[in-house]
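Structure, as structure tokens:
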Protein chains: 4
Amino acid sequence: MMKTSVAVLGATGYAGSELIRLIEGHPYFVIRHLAAHTQAGKKVSEVLPGISGPTSTMALTASDAPIPDDVELVFVALPHGAAARSVKMALDTGKKVVDLSADFRHRSAATYKTAYGLDHPCPELLKEAVFGLTEFSRADLINARLVANPGCYPSSTLLPLVPLLKAGVLDTNHIIVDSKSGASGAGRGEKTDLLYCEVNESVRAYGLPRHRHTWEMEEWAEGFSGEAVSVQFVPHILPMTRGMLSTLHLFGQSPEHWHAILEQAFMSEPFVRVLPEGSLPSTGGVNGSNRCDIGLVATGKNTAVVISCLDNLLKGAAGQAVQNANIMFGLDESSGLSAQAIWP
Amino acid sequence: MMKTSVAVLGATGYAGSELIRLIEGHPYFVIRHLAAHTQAGKKVSEVLPGISGPTSTMALTASDAPIPDDVELVFVALPHGAAARSVKMALDTGKKVVDLSADFRHRSAATYKTAYGLDHPCPELLKEAVFGLTEFSRADLINARLVANPGCYPSSTLLPLVPLLKAGVLDTNHIIVDSKSGASGAGRGEKTDLLYCEVNESVRAYGLPRHRHTWEMEEWAEGFSGEAVSVQFVPHILPMTRGMLSTLHLFGQSPEHWHAILEQAFMSEPFVRVLPEGSLPSTGGVNGSNRCDIGLVATGKNTAVVISCLDNLLKGAAGQAVQNANIMFGLDESSGLSAQAIWP
Amino acid sequence: MMKTSVAVLGATGYAGSELIRLIEGHPYFVIRHLAAHTQAGKKVSEVLPGISGPTSTMALTASDAPIPDDVELVFVALPHGAAARSVKMALDTGKKVVDLSADFRHRSAATYKTAYGLDHPCPELLKEAVFGLTEFSRADLINARLVANPGCYPSSTLLPLVPLLKAGVLDTNHIIVDSKSGASGAGRGEKTDLLYCEVNESVRAYGLPRHRHTWEMEEWAEGFSGEAVSVQFVPHILPMTRGMLSTLHLFGQSPEHWHAILEQAFMSEPFVRVLPEGSLPSTGGVNGSNRCDIGLVATGKNTAVVISCLDNLLKGAAGQAVQNANIMFGLDESSGLSAQAIWP
Amino acid sequence: MMKTSVAVLGATGYAGSELIRLIEGHPYFVIRHLAAHTQAGKKVSEVLPGISGPTSTMALTASDAPIPDDVELVFVALPHGAAARSVKMALDTGKKVVDLSADFRHRSAATYKTAYGLDHPCPELLKEAVFGLTEFSRADLINARLVANPGCYPSSTLLPLVPLLKAGVLDTNHIIVDSKSGASGAGRGEKTDLLYCEVNESVRAYGLPRHRHTWEMEEWAEGFSGEAVSVQFVPHILPMTRGMLSTLHLFGQSPEHWHAILEQAFMSEPFVRVLPEGSLPSTGGVNGSNRCDIGLVATGKNTAVVISCLDNLLKGAAGQAVQNANIMFGLDESSGLSAQAIWP
């Protein structure tokens with residue numbers, strides 16, 4: 001089988017580096033073009049220490065350099081705002097796109113403006129974009145030209161939340177999501193508060209009163225379940241590189257039955273594991289894999305706690321992007337992805 | 001001024017080591033007796049790498065060895081269950097005691113049994129014990145013989161919660177406390193899940209469905225405020241040595257006024273700092289100090305998030321123990337304690 | 001192609017877990033039998049959080065349980081001393097063995113006794129065992145029944161040292177090896193000095209005056225190069241889970257030519273990368289991969305510094321074990337292994 | 001006793017923050033003036049999360065703002081090159097200065113130019129400056145107007161090296177210093193390679209072929225001992241915030257007698273501890289203290305390893321600066337400093 005040529009725009013961020021690694025190990029994709037605006041002209045190995053072999057000697061081009069004709073699939077890992085124009089250019093030249101930015105995650109330009117403070121650069125594409133939370137989006141992914149890859153917080157939250165919403169058991173006015181993320185989720189920007197000595201041995205909340213991903217969570221909780229919800233969401237940054245754990249504090253009816261709902265929802269999924277009742281996952285158990293681990297404990301007559309863990313750079317970004325691309329290209333959904341963690 | 005002679009029982013755990021350090025730097029206390037059951041006979045320096053000088057060459061005695069007559073103050077940092085008997089012995093020989101274990105934190109032996117699964121060894125002392133959350137307990141501390149030093153989770157939670165409860169603004173049926181703790185809170189036991197490689201680069205929840213500190217929180221929330229409450233509490237262990245951050249997800253009336261309530265409550269406190277509205281604390285900003293930093297953000301018409309940070313070994317254990325002891329002995333409450341963090 | 005059935009003895013240590021992960025992703029090997037003495041009877045998922053899918057539900061057997069007849073390849077990841085007998089049993093039943101312990105790394109039982117303080121349990125097998133530092137052992141690996149997988153420290157040291165020794169440029173009386181290792185190299189034993197809070201935010205040397213791996217380094221430096229050497233070796237444990245960096249402080253003639261010697265030696269190697277002169281590797285750039293990165297800088301007229309980095313659980317243990325097994329079974333040496341790091 | 005008014009220039013770096021903390025707890029110094037060029041106009045609490053109380057509300061001035069007349073002591077924690085002019089201005093207005101930069105550590109402007117690539121801004125002051133490695137500099141410190149506070153690497157290296165050099169037992173052509181430093185030693189600059197995700201879970205060497213501190217080590221090894229030496233120095237950055245461990249690989253005569261030489265040299269020192277022979281220090285055992293811990297193990301007939309640990313921000317920077325200032329002002333050398341570590 002001939003390999004599909006792939007481009008990565010924004011190749012030198014943390015998600016970009018993971019995309020390169022995954023494609024390097026992919027049986028049906030091959031890297032053809034790598035762009036990284038601020039590093040244009042450098043070799044990959046000068047910027048990404050983990051990549052070796054032929055790809056490491058490729059030259060990085062500018063983000064807006066023309067993409068070779070034979071490239072059929074473009075992963076866009078650029079900042080929101082900047083991503084949209086690159087997405088449009090790629091689509092206009094007949095390529096399929098998985099966009100890891102936030103630019104096409106909302107169905108309306110108005111919501112996008114509220115959440116990100118920007119007029120949407122290409123509102124005409126919003127309708128077409130498929131929100132690629134793979135487990136809930138497969139039917140639409142098959143024929144998609146443009147997939148909006150979900151944010152890491154919404155991915156970890158929606159996976160357990162949607163089946164419970166569909167089952168109609170939740171008090172939708174008291175959904176609390178308390179998330180803990182490794183620092184790689186904040187990107188590779190040169191900011192004081194991302195320095196080693198500021199992150200290490202410390203934890204802090206951020207993004208209050210309303211983090212941007214809250215809109216995405218609420219929109220797709222309703223989009224996938226039909227239930228309108230209000231989410232109280234507080235993200236925290238932890239002293240670890242990878243990993244995201246979301247703690248869902250839930251109220252509702254008969255929480256002793258909720259574990260079965262989750263088991264039923266994910267029993268055939270290759271990348272979602274529902275732990276036995278009473279078992280709780282850790283991010284260490286999913287890092288390096290494309291897996292999301294979910295645990296649930298009923299804590300009272302009308303309360304339960306759900307813990308959801310994933311690797312923010314894999315199931316929360318590059319891994320899910322490849323999972324979505326596999327479906328777009330008619331491949332086995334697991335191609336080039338591993339469900340085994342790099343542990344410890 | 002002559003120094004008061006002090007004993008530490010359970011001197012070689014993490015809280016014990018901090019007690020030694022604080023007493024070493026204390027202007028009015030001096031170490032006279034150090035006990036550590038499993039390490040009896042060894043010198044301090046063989047077990048505690050951070051302690052130097054004359055104290056480091058003292059020999060550790062058994063936990064039940066007689067305490068010298070001239071010792072007036074005993075800090076007990078033994079496991080719950082074991083602590084109670086040592087407390088009683090010390091009281092019976094005329095000494096004052098600060099007990100860092102859970103043994104005297106509850107007013108009834110029944111609650112103790114529910115939370116810890118043990119018949120209380122000395123129920124007759126429960127009435128007398130003063131629950132030493134310093135900021136709310138000063139009047140009782142002055143004449144106390146026995147102080148029950150609060151748990152780290154209740155300390156970080158009750159400090160911001162009690163003033164809001166007193167103000168009557170909270171929906172007491174929807175109080176969610178999501179806490180994040182450094183690994184030192186789990187003690188120095190040789191357990192697989194406390195090994196470096198299991199804790200590092202990972203986060204996990206534990207203690208579900210109902211962590212033992214939940215009873216302590218609920219009992220003293222009511223004890224200090226008069227309001228009965230139900231708390232949904234989920235603790236997490238993080239890849240850091242020290243530091244505790246508790247995120248309180250709160251519902252109620254007019255959250256835009258709550259910041260002023262906290263400011264008012266703590267304006268004269270040397271070891272509680274309420275940050276300006278919109279500012280959020282980090283555990284890095286309190287580690288090494290006896291300070292608790294509190295931030296509050298209103299997140300909706302009837303919701304707010306409170307973030308409370310402290311060093312679990314200081315304001316959450318040894319520091320608060322010394323703060324309480326200072327009051328018991330008529331000293332300046334800040335003696336031997338610092339409000340400045342070791343940062344970074 | 002039918003897959004070769006594989007057993008792992010000592011499956012629940014850190015190297016054992018990596019062996020399972022690698023075999024799970026291997027195109028020609030399949031797990032058939034997993035043994036772990038202290039955990040016998042449990043399911044894999046109860047002990048190893050990172051493993052999911054069918055293997056995670058396999059039951060662990062005792063280390064000395066009979067290995068199924070159809071198993072052709074046994075990886076032994078037991079402690080030294082205990083490993084030898086299991087190795088012998090496996091060989092006696094016609095299986096090939098890669099032993100990750102130290103039991104067969106020395107050519108004489110006398111050296112083994114000096115280094116490990118034990119009479120060798122099976123000295124008759126020492127002659128046959130092939131010391132599997134893959135890059136220097138290929139010819140012997142093809143027909144090997146028993147491969148002694150090198151220690152992590154010797155692997156990281158010998159890879160750059162041997163070519164320089166062969167070239168005859170080194171002062172063999174002043175070879176200093178200063179190594180830095182992640183804590184996973186110390187294993188999963190429940191020891192106080194491996195607790196998170198003791199390893200975190202600290203670095204220490206250990207194993208002095210002469211760490212056991214010193215004999216292995218000296219024996220195989222001479223074994224592969226013909227030059228007798230004396231190595232001053234000091235290992236350190238660092239606050240990180242994986243990764244090993246060895247700093248070789250070298251004296252000798254014309255160090256400005258040494259970089260070319262290393263480039264020449266490894267130019268065709270899939271898992272050794274010599275960085276451009278002046279570039280220095282980091283362990284972060286090799287973690288999760290089977291790669292060893294080497295940098296060299298001439299620091300004076302007769303001095304140079306060589307830096308060698310590898311993932312102690314991969315090229316330093318499980319990865320090299322699979323690399324060796326691939327050769328033993330006539331497979332592509334890279335099967336099931338990646339040269340790309342999990343970065344960051 | 002009236003407190004001496006103090007200024008800190010460069011107050012918002014990591015050493016600057018430690019200076020503020022130490023002065024806050026100092027019985028005879030008081031903060032009067034804080035300057036930080038890029039943060040001028042902000043309040044301390046906006047930039048330094050660890051500082052609370054009245055000092056936290058002080059406004060930061062520009063680095064070149066006039067220093068109040070009543071300030072008698074100025075700590076300069078500015079970058080080299082920039083520091084010299086501020087030092088001169090302070091001296092010219094009659095103040096005493098402890099300079100933590102490299103600007104006055106060398107006795108000749110030529111060495112400074114070789115090491116730092118700059119023409120010295122105030123060469124006329126080089127003669128007068130006292131190199132303040134306290135334990136070896138006391139006599140000169142008493143009357144000093146200007147103290148050059150040593151670098152962290154030279155401090156950790158020279159403390160054990162000088163007594164051995166004085167004893168004449170070392171092979172001065174084979175002195176290897178392999179140092180490991182926490183990331184705080186690299187400062188608070190917004191650089192990609194200081195980001196959390198690049199430092200965490202990784203170790204790397206840097207500064208080759210000849211780190212700037214090598215000149216300082218060699219100059220003062222000879223300056224304090226009279227022996228000319230050649231040092232092969234390789235520093236490494238580790239995934240920890242604080243702490244420095246230097247491993248000295250030494251050759252010479254009768255290493256079995258060297259431990260006694262070190263014990264003799266430091267027996268009365270409040271801030272240097274020589275561990276019992278065979279014991280090895282860790283950085284965790286000195287962090288938060290002004291102590292340097294030293295261990296020595298003879299490893300062969302003519303070789304030994306010395307391990308020296310200190311907190312790079314305390315005995316390696318701000319702590320030693322206060323220790324020196326105490327002597328300059330006729331105070332007890334230990335004023336405001338602790339020999340007890342914050343452990344764990």
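Every chain in the structure tokens has a letter given in the order shown (A, B, ...), and although residue numbers restart at 1 in each chain, ligands are simply numbered from 1 in the order shown.
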
Check your understanding: Taking the backbone alone, and naming residues the way the document does, which bits of stretch 72-283 of chain A are strand (DSSP E) by DSSP, as a ChimeraX atom specification?
Key -> /A:72-76,96-99,130-131,146-148,175-181,204-205,231-237,244-251,272-274

List every residue of chain C that has an atom at most 6 Å from any atom of chain B, and for each one report the closest atom pair and its distance in Å to one decimal, counting only C-alpha atoms, with rows sorted by chain and then by increasing residue number, as a Markdown table.
```
| residue | atom | partner | partner_atom | distance |
| --- | --- | --- | --- | --- |
| C:Glu190 | CA | B:Glu190 | CA | 5.2 |
| C:Lys191 | CA | B:Glu190 | CA | 5.7 |
| C:Thr192 | CA | B:Glu190 | CA | 5.6 |
| C:Leu194 | CA | B:Leu195 | CA | 5.7 |
| C:Leu195 | CA | B:Leu195 | CA | 4.2 |
| C:Tyr196 | CA | B:Tyr196 | CA | 3.6 |
| C:Cys197 | CA | B:Thr241 | CA | 5.4 |
| C:Thr241 | CA | B:Cys197 | CA | 5.4 |
```

Using N, CA, C and O atoms, can you write the selected residues to a file as a PDB file, in the first residue's frame?
```pdb
ATOM      1  N   GLU C 190      10.415  -1.579  47.883  1.00  0.00           N
ATOM      2  CA  GLU C 190       9.840  -0.653  48.862  1.00  0.00           C
ATOM      3  C   GLU C 190      10.910  -0.221  49.861  1.00  0.00           C
ATOM      4  O   GLU C 190      11.026  -0.776  50.959  1.00  0.00           O
ATOM      5  N   LYS C 191      11.701   0.767  49.463  1.00  0.00           N
ATOM      6  CA  LYS C 191      12.803   1.232  50.305  1.00  0.00           C
ATOM      7  C   LYS C 191      12.626   2.715  50.591  1.00  0.00           C
ATOM      8  O   LYS C 191      12.233   3.487  49.711  1.00  0.00           O
ATOM      9  N   THR C 192      12.953   3.096  51.814  1.00  0.00           N
ATOM     10  CA  THR C 192      12.813   4.501  52.191  1.00  0.00           C
ATOM     11  C   THR C 192      13.524   5.422  51.223  1.00  0.00           C
ATOM     12  O   THR C 192      12.988   6.447  50.814  1.00  0.00           O
ATOM     13  N   LEU C 194      13.994   5.273  48.204  1.00  0.00           N
ATOM     14  CA  LEU C 194      13.375   5.387  46.876  1.00  0.00           C
ATOM     15  C   LEU C 194      12.005   6.063  46.932  1.00  0.00           C
ATOM     16  O   LEU C 194      11.331   6.192  45.908  1.00  0.00           O
ATOM     17  N   LEU C 195      11.588   6.496  48.117  1.00  0.00           N
ATOM     18  CA  LEU C 195      10.307   7.203  48.222  1.00  0.00           C
ATOM     19  C   LEU C 195      10.364   8.523  47.457  1.00  0.00           C
ATOM     20  O   LEU C 195      11.423   9.148  47.358  1.00  0.00           O
ATOM     21  N   TYR C 196       9.224   8.924  46.972  1.00  0.00           N
ATOM     22  CA  TYR C 196       9.163  10.159  46.197  1.00  0.00           C
ATOM     23  C   TYR C 196       9.847  11.323  46.911  1.00  0.00           C
ATOM     24  O   TYR C 196      10.666  12.043  46.341  1.00  0.00           O
ATOM     25  N   CYS C 197       9.478  11.520  48.177  1.00  0.00           N
ATOM     26  CA  CYS C 197       9.957  12.711  48.886  1.00  0.00           C
ATOM     27  C   CYS C 197      11.451  12.664  49.193  1.00  0.00           C
ATOM     28  O   CYS C 197      12.037  13.690  49.554  1.00  0.00           O
ATOM     29  N   THR C 241      12.462   9.957  36.462  1.00  0.00           N
ATOM     30  CA  THR C 241      12.112   8.543  36.414  1.00  0.00           C
ATOM     31  C   THR C 241      13.049   7.772  35.505  1.00  0.00           C
ATOM     32  O   THR C 241      13.612   6.755  35.881  1.00  0.00           O
TER      33      THR C 241
END
```

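Between A:Thr247 and the candidates A:Leu275, A:Ala265, A:Val305, A:Ala205, the tightest atom-to-atom separation, counting only C-alpha atoms, involves A:Val305.
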
**Study point:** All residues 12 Å or closer to stretch 325-333 of chain A, only C-alpha atoms, same chain fewer than 6 positions away omitted, as a ChimeraX atom specification
**Key:** /A:1,3-6,19,22-23,26-29,72-75,95-100,130,132-135,137-149,269-271,290,318-319,339

What does the file look like for those residues with N, CA and C atoms, as a CSV table (one decimal), in the first residue's frame?
```csv
chain,number,residue,atom,x,y,z
A,1,MET,N,0.8,-1.2,0.0
A,1,MET,CA,0.0,0.0,0.0
A,1,MET,C,0.9,1.2,0.0
A,3,LYS,N,2.1,4.9,0.7
A,3,LYS,CA,1.8,5.8,1.9
A,3,LYS,C,1.3,7.1,1.5
A,4,THR,N,0.4,7.7,2.3
A,4,THR,CA,-0.2,9.0,2.1
A,4,THR,C,0.8,10.0,2.6
A,5,SER,N,1.1,11.0,1.7
A,5,SER,CA,2.0,12.1,2.1
A,5,SER,C,1.3,13.1,3.0
A,6,VAL,N,2.0,13.5,4.0
A,6,VAL,CA,1.4,14.3,5.1
A,6,VAL,C,2.3,15.6,5.3
A,19,LEU,N,3.2,14.7,16.6
A,19,LEU,CA,2.6,14.4,15.3
A,19,LEU,C,3.8,13.8,14.5
A,22,LEU,N,4.5,10.2,15.7
A,22,LEU,CA,3.5,9.3,15.4
A,22,LEU,C,3.5,8.9,13.9
A,23,ILE,N,3.7,10.0,13.1
A,23,ILE,CA,3.7,9.7,11.6
A,23,ILE,C,4.9,8.9,11.2
A,26,HIS,N,4.0,5.4,11.7
A,26,HIS,CA,2.7,5.1,11.1
A,26,HIS,C,2.9,4.2,9.8
A,27,PRO,N,2.2,3.1,9.7
A,27,PRO,CA,2.4,2.3,8.5
A,27,PRO,C,1.9,2.8,7.2
A,28,TYR,N,1.0,3.8,7.2
A,28,TYR,CA,0.5,4.3,6.0
A,28,TYR,C,0.6,5.8,5.7
A,29,PHE,N,1.2,6.5,6.6
A,29,PHE,CA,1.4,7.9,6.4
A,29,PHE,C,3.0,8.2,6.4
A,72,GLU,N,-1.6,14.9,0.7
A,72,GLU,CA,-3.0,14.8,0.8
A,72,GLU,C,-3.7,15.1,2.1
A,73,LEU,N,-2.8,15.1,3.1
A,73,LEU,CA,-3.3,15.3,4.5
A,73,LEU,C,-2.5,16.4,5.2
A,74,VAL,N,-3.1,17.3,5.8
A,74,VAL,CA,-2.4,18.4,6.5
A,74,VAL,C,-2.9,18.5,8.0
A,75,PHE,N,-1.9,18.3,8.9
A,75,PHE,CA,-2.2,18.5,10.3
A,75,PHE,C,-1.8,20.0,10.6
A,95,LYS,N,-6.7,19.4,-0.3
A,95,LYS,CA,-6.1,18.5,0.8
A,95,LYS,C,-7.2,18.3,1.9
A,96,LYS,N,-7.0,17.2,2.6
A,96,LYS,CA,-7.8,17.1,3.8
A,96,LYS,C,-7.1,17.6,5.0
A,97,VAL,N,-7.8,18.1,6.0
A,97,VAL,CA,-7.2,18.8,7.1
A,97,VAL,C,-7.7,18.3,8.5
A,98,VAL,N,-6.7,18.0,9.4
A,98,VAL,CA,-7.1,17.9,10.8
A,98,VAL,C,-6.5,19.1,11.5
A,99,ASP,N,-7.3,20.0,12.0
A,99,ASP,CA,-6.9,21.2,12.7
A,99,ASP,C,-6.9,21.0,14.2
A,100,LEU,N,-5.7,21.1,14.8
A,100,LEU,CA,-5.6,21.0,16.2
A,100,LEU,C,-5.9,22.2,17.0
A,130,VAL,N,-16.0,19.0,11.1
A,130,VAL,CA,-16.5,17.9,12.0
A,130,VAL,C,-15.7,18.0,13.3
A,132,GLY,N,-14.0,16.4,16.1
A,132,GLY,CA,-13.5,15.1,16.0
A,132,GLY,C,-13.3,14.4,17.4
A,133,LEU,N,-14.3,14.4,18.2
A,133,LEU,CA,-14.1,13.5,19.4
A,133,LEU,C,-14.4,12.1,18.9
A,134,THR,N,-13.4,11.4,18.5
A,134,THR,CA,-13.6,10.2,17.7
A,134,THR,C,-14.7,9.3,18.1
A,135,GLU,N,-14.8,9.0,19.3
A,135,GLU,CA,-15.7,8.0,19.8
A,135,GLU,C,-17.2,8.4,19.5
A,137,SER,N,-18.0,10.7,17.0
A,137,SER,CA,-18.0,11.4,15.7
A,137,SER,C,-17.7,10.5,14.5
A,138,ARG,N,-17.6,9.2,14.7
A,138,ARG,CA,-17.2,8.4,13.6
A,138,ARG,C,-17.9,8.5,12.3
A,139,ALA,N,-19.2,8.6,12.4
A,139,ALA,CA,-20.0,8.6,11.1
A,139,ALA,C,-19.7,9.8,10.3
A,140,ASP,N,-19.5,10.9,11.0
A,140,ASP,CA,-19.2,12.2,10.2
A,140,ASP,C,-17.7,12.2,9.8
A,141,LEU,N,-16.9,11.5,10.4
A,141,LEU,CA,-15.4,11.6,10.1
A,141,LEU,C,-15.1,11.0,8.8
A,142,ILE,N,-15.9,9.9,8.4
A,142,ILE,CA,-15.5,9.1,7.2
A,142,ILE,C,-15.4,10.0,6.0
A,143,ASN,N,-16.3,10.9,5.8
A,143,ASN,CA,-16.3,11.8,4.6
A,143,ASN,C,-15.8,13.2,4.9
A,144,ALA,N,-15.3,13.4,6.0
A,144,ALA,CA,-14.9,14.8,6.4
A,144,ALA,C,-13.7,15.3,5.6
A,145,ARG,N,-13.8,16.5,5.1
A,145,ARG,CA,-12.6,17.2,4.6
A,145,ARG,C,-11.8,18.0,5.7
A,146,LEU,N,-12.6,18.4,6.6
A,146,LEU,CA,-12.0,19.3,7.7
A,146,LEU,C,-12.5,18.8,9.1
A,147,VAL,N,-11.5,18.4,9.9
A,147,VAL,CA,-11.8,17.9,11.2
A,147,VAL,C,-11.3,18.9,12.2
A,148,ALA,N,-12.1,19.4,13.1
A,148,ALA,CA,-11.6,20.2,14.3
A,148,ALA,C,-11.3,19.3,15.4
A,149,ASN,N,-10.0,19.1,15.7
A,149,ASN,CA,-9.6,18.2,16.8
A,149,ASN,C,-10.0,18.9,18.1
A,269,GLU,N,-14.5,0.0,22.7
A,269,GLU,CA,-13.6,1.0,22.3
A,269,GLU,C,-12.1,0.6,22.5
A,270,PRO,N,-11.3,0.8,21.5
A,270,PRO,CA,-9.9,0.5,21.7
A,270,PRO,C,-9.1,1.5,22.5
A,271,PHE,N,-9.6,2.7,22.6
A,271,PHE,CA,-8.8,3.7,23.3
A,271,PHE,C,-9.5,4.3,24.5
A,290,ASN,N,-2.5,6.5,23.6
A,290,ASN,CA,-3.7,7.2,23.1
A,290,ASN,C,-4.9,6.9,23.9
A,318,ALA,N,-2.3,15.2,19.6
A,318,ALA,CA,-1.8,14.5,18.4
A,318,ALA,C,-2.3,13.1,18.1
A,319,GLY,N,-2.5,12.4,19.2
A,319,GLY,CA,-3.0,11.0,19.1
A,319,GLY,C,-4.4,11.0,18.5
A,339,ALA,N,-2.1,1.7,22.6
A,339,ALA,CA,-3.0,1.8,23.8
A,339,ALA,C,-2.1,1.5,25.0
```

Practice item. Do a neighbour search on stretch 166-177 of chain A at 8 Å with only C-alpha atoms, toss out local chain neighbours closer than 3 positions, and write the hits as a VMD selection string. Key: (chain A and resid 157 162 to 163 225 to 234 246 to 254 261) or (chain B and resid 249)

Residues of the last selection are to be written out with N, CA and C atoms, as a compact mmCIF listing (two decimals), in the first residue's frame.
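Writing done, so here's out-v1.txt:
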```
# COMPACT_ATOMS: atom_id res chain seq x y z
N THR A 157 -13.22 15.47 29.48
CA THR A 157 -14.49 15.69 30.18
C THR A 157 -15.66 15.05 29.46
N VAL A 162 -20.79 12.57 28.34
CA VAL A 162 -21.84 12.40 27.33
C VAL A 162 -22.72 11.18 27.58
N PRO A 163 -22.14 10.00 27.84
CA PRO A 163 -23.04 8.85 28.09
C PRO A 163 -23.95 9.06 29.29
N SER A 225 -25.33 14.95 23.24
CA SER A 225 -26.31 14.29 24.09
C SER A 225 -27.72 14.84 23.94
N GLY A 226 -27.84 16.05 23.41
CA GLY A 226 -29.14 16.68 23.33
C GLY A 226 -29.57 17.38 24.61
N GLU A 227 -28.75 17.30 25.65
CA GLU A 227 -29.08 17.92 26.94
C GLU A 227 -28.30 19.23 27.09
N ALA A 228 -28.98 20.31 27.35
CA ALA A 228 -28.27 21.55 27.64
C ALA A 228 -27.70 21.48 29.05
N VAL A 229 -26.47 21.93 29.21
CA VAL A 229 -25.83 21.82 30.52
C VAL A 229 -25.09 23.11 30.86
N SER A 230 -24.86 23.28 32.14
CA SER A 230 -24.04 24.38 32.63
C SER A 230 -22.87 23.75 33.39
N VAL A 231 -21.66 24.06 32.96
CA VAL A 231 -20.47 23.45 33.56
C VAL A 231 -19.68 24.50 34.34
N GLN A 232 -19.35 24.14 35.57
CA GLN A 232 -18.42 24.96 36.36
C GLN A 232 -17.05 24.31 36.17
N PHE A 233 -16.16 24.96 35.42
CA PHE A 233 -14.90 24.34 35.02
C PHE A 233 -13.71 25.13 35.58
N VAL A 234 -12.83 24.43 36.29
CA VAL A 234 -11.60 25.07 36.81
C VAL A 234 -10.39 24.21 36.46
N SER A 246 -9.20 14.81 34.82
CA SER A 246 -10.38 15.63 35.11
C SER A 246 -11.24 14.93 36.15
N THR A 247 -11.56 15.67 37.20
CA THR A 247 -12.43 15.16 38.25
C THR A 247 -13.81 15.77 38.04
N LEU A 248 -14.78 14.93 37.77
CA LEU A 248 -16.15 15.41 37.58
C LEU A 248 -16.93 15.14 38.86
N HIS A 249 -17.36 16.22 39.49
CA HIS A 249 -18.20 16.11 40.69
C HIS A 249 -19.65 16.21 40.21
N LEU A 250 -20.38 15.10 40.33
CA LEU A 250 -21.70 15.03 39.70
C LEU A 250 -22.80 14.77 40.72
N PHE A 251 -23.96 15.34 40.45
CA PHE A 251 -25.16 15.12 41.24
C PHE A 251 -26.21 14.50 40.32
N GLY A 252 -27.13 13.74 40.89
CA GLY A 252 -28.17 13.14 40.05
C GLY A 252 -28.85 11.97 40.73
N GLN A 253 -29.46 11.14 39.90
CA GLN A 253 -30.29 10.05 40.44
C GLN A 253 -29.58 8.71 40.34
N SER A 254 -29.62 7.96 41.41
CA SER A 254 -29.16 6.57 41.42
C SER A 254 -27.73 6.39 40.89
N ILE A 261 -23.48 2.33 32.99
CA ILE A 261 -23.71 3.17 31.80
C ILE A 261 -22.40 3.42 31.06
N HIS B 249 -15.52 24.63 45.15
CA HIS B 249 -16.54 25.01 44.17
C HIS B 249 -17.81 25.29 44.95
```

Review point. Which neighbours of C:Val87 fall inside 8 Å, counting only C-alpha atoms, when residues of the same chain fewer than 3 positions from it are skipped, and could you give them as a list in words?
Key: Val76, Ala83, Ala84, Ala90, Leu91, Val97 and Asp99 of chain C

How about saving the chosen residues, C-alpha atoms kept, as a PDB file, in the first residue's frame?
```
ATOM      1  CA  VAL C  76      14.472 -13.004  32.535  1.00  0.00           C
ATOM      2  CA  ALA C  83      17.903 -15.222  37.745  1.00  0.00           C
ATOM      3  CA  ALA C  84      20.527 -17.893  37.078  1.00  0.00           C
ATOM      4  CA  ALA C  90      14.600 -22.382  30.437  1.00  0.00           C
ATOM      5  CA  LEU C  91      17.684 -23.463  28.505  1.00  0.00           C
ATOM      6  CA  VAL C  97      17.048 -16.737  26.874  1.00  0.00           C
ATOM      7  CA  ASP C  99      18.803 -12.466  30.824  1.00  0.00           C
TER       8      ASP C  99
END
```

**Study point:** For D:Arg291: contacts at 8 Å, only C-alpha atoms, fewer than 2 positions along chain excluded, given as a PyMOL selection string
**Key:** chain D and resi 270-273+286+289+293+310-311+315+338-340
